[in-house]
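Novice: Input: one structure, supplied below.
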Amino acid sequence: MMKWLSEWQPAFLMVVIEFALATVNVLLKKVVDDGMDHLVLITYRTLFAAVFLAPMAYFWERKTRPKLTSRILRHLFISAMLGGTITQYGFLVGLQNTSATFTCAFINMVPVLTFLMAIPFGLEVVDIKSTSGSAKVLGTVVSVGGAMVLTLYKGMPITNISDSRETTSIHTTNHLNWLNPYNKSERWTIGTIALFAGSVFWSSWFLFQAKIGKMYPCQYSSTTIMSFFGAIQSALLSLATNQHYSSWVLKGKMQTITVLYSGIVGTGLSYVGMAYCVKKRGPVFTAAFSPLIQIIVATFDFSILHEQLHLGSVLGSILVIIGLYILLWGKSKEAKACVTKQVEAVEDHGEIDQATKV
């Protein structure tokens, strides 16, 4: 029983994390459409995460925590940029200019992008001649095709919900006005580019986190420091680009709840959990649960946010998810083959030892 729990613990943990991130997505969409500044939101989110995790990091890991060197700090600073400041900013811009469901469809690209980026660094091996290698290549091609559909083809609306963003979000107080053009097609294009950039940086974070996990294997401490660096980075960027200090004042219960929940749960606890899963199962496994976010968000999208669903989003999402799970099937088959080889090698070694003794 304990062995079964240990084997499936990362999977259960990732399901819980994806549900938490889906809830964060819906809350962020609401406050961003209401005009909350992107960088201010990221600053509060990462700051609350750091404050929440700091006591746990200190007491739970003080006996096992290795020495914090300047090299580790540099890596954590870069990790904060990849997984915090730049990624979150890209997704917030995309979220404001498209929809929550469309944003989640782009998040589905993250496992495939992670896989593609892992190959040059030797974190993934592709043997085209094997069934598993062919499946990984086929899954990648299908997912990339789905991503192209998402990017290039919007399609006709398949729901009869009016697009409220035309009357609400274009009059936001966000200081980067070029991100909020009045032309709907321009806004969708800007959002798509921002989402693609955010997906690339998010994939980079998973790979970078795999390296940090070996250098500094303390999830609470590393996430605390990373969140603290992320808060500093986004605060400096906001102060440099926005002179309206009134944007730092939280307006209403919704903004307060959003920054608290997204900081404590969406960044703090979720990043700790993902760092743990990356260390246990690797970056591609951890990224592979991203499609769950879209399923959960789609439920909220129509009932709460009243977003319009387009044909291109549906077709592209289906292709991305099919490709993703072909890729995962290939990885699963590859893992089983690897275990079989290890068992055979141990048995052969045992037979040689016995023959030597005789």
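Letters for chains follow the order of the structure tokens (A, B, ...), residue numbers begin at 1 for each chain, and ligand numbers begin at 1 in the order shown.
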Env of range 257-271 of chain A: 10 Å cut, atoms = only C-alpha atoms, seq-sep filter 3 positions within chain, self excluded. Answer as a ChimeraX atom specification.
Specialist: /A:13-14,16-31,40-54,83-84,219-220,222-224,226-227,250,252-254,274-277
Novice: List as a list in words the protein and nucleic acid residues near Phe121 in chain A, meaning an atom at most 12 Å away when only C-alpha atoms are counted, but skip any in the same chain fewer than 2 places from it.
Specialist: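 Selected residues are Thr114, Phe115, Leu116, Met117, Ala118, Ile119, Leu123, Glu124, Val125, Ser204, Leu207, Phe208, Ala210 and Lys211 of chain A.
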Novice: Generate a file of the selected residues that holds N, CA, C and O atoms, formatted as a JSON list (two decimals), in the first residue's frame.
Specialist:
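Printed below is part38.json as written:
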```json
[["chain", "number", "residue", "atom", "x", "y", "z"],
["A", 114, "THR", "N", 8.39, 21.74, -23.54],
["A", 114, "THR", "CA", 9.37, 21.25, -22.57],
["A", 114, "THR", "C", 10.13, 20.07, -23.13],
["A", 114, "THR", "O", 11.36, 19.96, -23.00],
["A", 115, "PHE", "N", 9.41, 19.15, -23.77],
["A", 115, "PHE", "CA", 10.03, 17.97, -24.38],
["A", 115, "PHE", "C", 11.02, 18.38, -25.47],
["A", 115, "PHE", "O", 12.16, 17.90, -25.52],
["A", 116, "LEU", "N", 10.61, 19.29, -26.36],
["A", 116, "LEU", "CA", 11.48, 19.73, -27.46],
["A", 116, "LEU", "C", 12.73, 20.44, -26.94],
["A", 116, "LEU", "O", 13.83, 20.24, -27.46],
["A", 117, "MET", "N", 12.55, 21.25, -25.90],
["A", 117, "MET", "CA", 13.68, 21.99, -25.35],
["A", 117, "MET", "C", 14.59, 21.09, -24.50],
["A", 117, "MET", "O", 15.76, 21.41, -24.28],
["A", 118, "ALA", "N", 14.05, 19.96, -24.03],
["A", 118, "ALA", "CA", 14.85, 19.06, -23.20],
["A", 118, "ALA", "C", 15.82, 18.22, -24.02],
["A", 118, "ALA", "O", 16.85, 17.78, -23.51],
["A", 119, "ILE", "N", 15.51, 18.02, -25.31],
["A", 119, "ILE", "CA", 16.36, 17.17, -26.17],
["A", 119, "ILE", "C", 17.78, 17.72, -26.31],
["A", 119, "ILE", "O", 18.75, 16.98, -26.11],
["A", 123, "LEU", "N", 18.21, 15.92, -21.56],
["A", 123, "LEU", "CA", 17.22, 15.47, -20.57],
["A", 123, "LEU", "C", 16.19, 14.52, -21.18],
["A", 123, "LEU", "O", 15.45, 13.85, -20.47],
["A", 124, "GLU", "N", 16.12, 14.49, -22.51],
["A", 124, "GLU", "CA", 15.25, 13.57, -23.23],
["A", 124, "GLU", "C", 16.04, 12.96, -24.39],
["A", 124, "GLU", "O", 16.85, 13.64, -25.03],
["A", 125, "VAL", "N", 15.81, 11.67, -24.65],
["A", 125, "VAL", "CA", 16.47, 10.96, -25.74],
["A", 125, "VAL", "C", 15.41, 10.43, -26.68],
["A", 125, "VAL", "O", 14.40, 9.87, -26.24],
["A", 204, "SER", "N", 10.86, 26.66, -20.22],
["A", 204, "SER", "CA", 12.25, 26.85, -19.81],
["A", 204, "SER", "C", 12.40, 26.73, -18.30],
["A", 204, "SER", "O", 13.40, 26.19, -17.79],
["A", 207, "LEU", "N", 12.72, 23.07, -17.12],
["A", 207, "LEU", "CA", 14.06, 22.54, -17.35],
["A", 207, "LEU", "C", 15.07, 23.12, -16.36],
["A", 207, "LEU", "O", 15.93, 22.41, -15.83],
["A", 208, "PHE", "N", 14.94, 24.41, -16.12],
["A", 208, "PHE", "CA", 15.85, 25.07, -15.19],
["A", 208, "PHE", "C", 15.64, 24.57, -13.78],
["A", 208, "PHE", "O", 16.59, 24.42, -12.99],
["A", 210, "ALA", "N", 14.74, 21.62, -12.93],
["A", 210, "ALA", "CA", 15.34, 20.29, -12.80],
["A", 210, "ALA", "C", 16.80, 20.41, -12.36],
["A", 210, "ALA", "O", 17.28, 19.60, -11.56],
["A", 211, "LYS", "N", 17.49, 21.42, -12.85],
["A", 211, "LYS", "CA", 18.88, 21.66, -12.46],
["A", 211, "LYS", "C", 18.96, 22.19, -11.04],
["A", 211, "LYS", "O", 19.81, 21.76, -10.25]]
```
Novice: Could you check which of A:Gly213, A:Gly198, A:Gly282, A:Gly139 is closest to Val110 in chain A, using only C-alpha atoms?
Specialist: A:Gly198
Novice: Kindly give the distance, in Å, that separates CA of Thr140 in chain A and CA of Lys331 in chain A, rounded to a single decimal.
Specialist: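 Rounded to one decimal, the two atoms are 11.9 Å apart.
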Novice: Quick one: residues within 9 Å of range 323-328 of chain A, only C-alpha atoms counted, chain neighbours fewer than 4 positions away excluded, as a list in words?
Specialist: Asn108, Met109, Pro111, Val112, Phe115, Ser132, Gly133, Ala135, Lys136, Val137, Leu138, Gly139, Thr140, Val141, Val142, Ser143, Val144, Gly145, Gly146, Val284, Phe285, Ala288, Pro291, Ile318, Leu319, Ser332 and Lys333 of chain A
Novice: Rounded to one decimal place, report the CA of Trp202 in chain A-CA of Phe91 in chain A distance in Å.
Specialist: 9.8 Å
Novice: Considering only helix (DSSP H, G or I) as DSSP defines it on the backbone, what residues of range 114-255 of chain A qualify? List them as a ChimeraX atom specification.
Specialist: /A:114-118,131-152,165-171,177-179,184-215,219-241,245-248,252-255
Novice: Give the answer as one residue: which of A:Val15, A:Ile158, A:Met148, A:Ala194 has the shortest atom-to-atom distance to Leu95 in chain A, using only C-alpha atoms?
Specialist: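 Result for the nearest residue to Leu95 in chain A: A:Ala194.
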Novice: Select, from A:Ile72, A:Ile225, A:Leu92, A:Ala235, the residue with the minimum atom-to-atom distance to Ser247 in chain A, counting only C-alpha atoms.
Specialist: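 Result for the nearest residue to Ser247 in chain A: A:Ala235.
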Novice: Point out the residue among A:Arg187, A:Arg62, A:Arg281, A:Ser313 with the least atom-to-atom distance to Gln9 in chain A, counting only C-alpha atoms.
Specialist: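 Closest to Gln9 in chain A of all the choices is A:Arg281.
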Novice: Quick one: residues within 12 Å of Ala105 in chain A, only C-alpha atoms, excluding same-chain residues fewer than 6 positions away - as a ChimeraX atom specification?
Specialist: /A:22,91,94-95,98-99,111,143,146-151,192,195-196,199,290-298,309-310,312-321,324
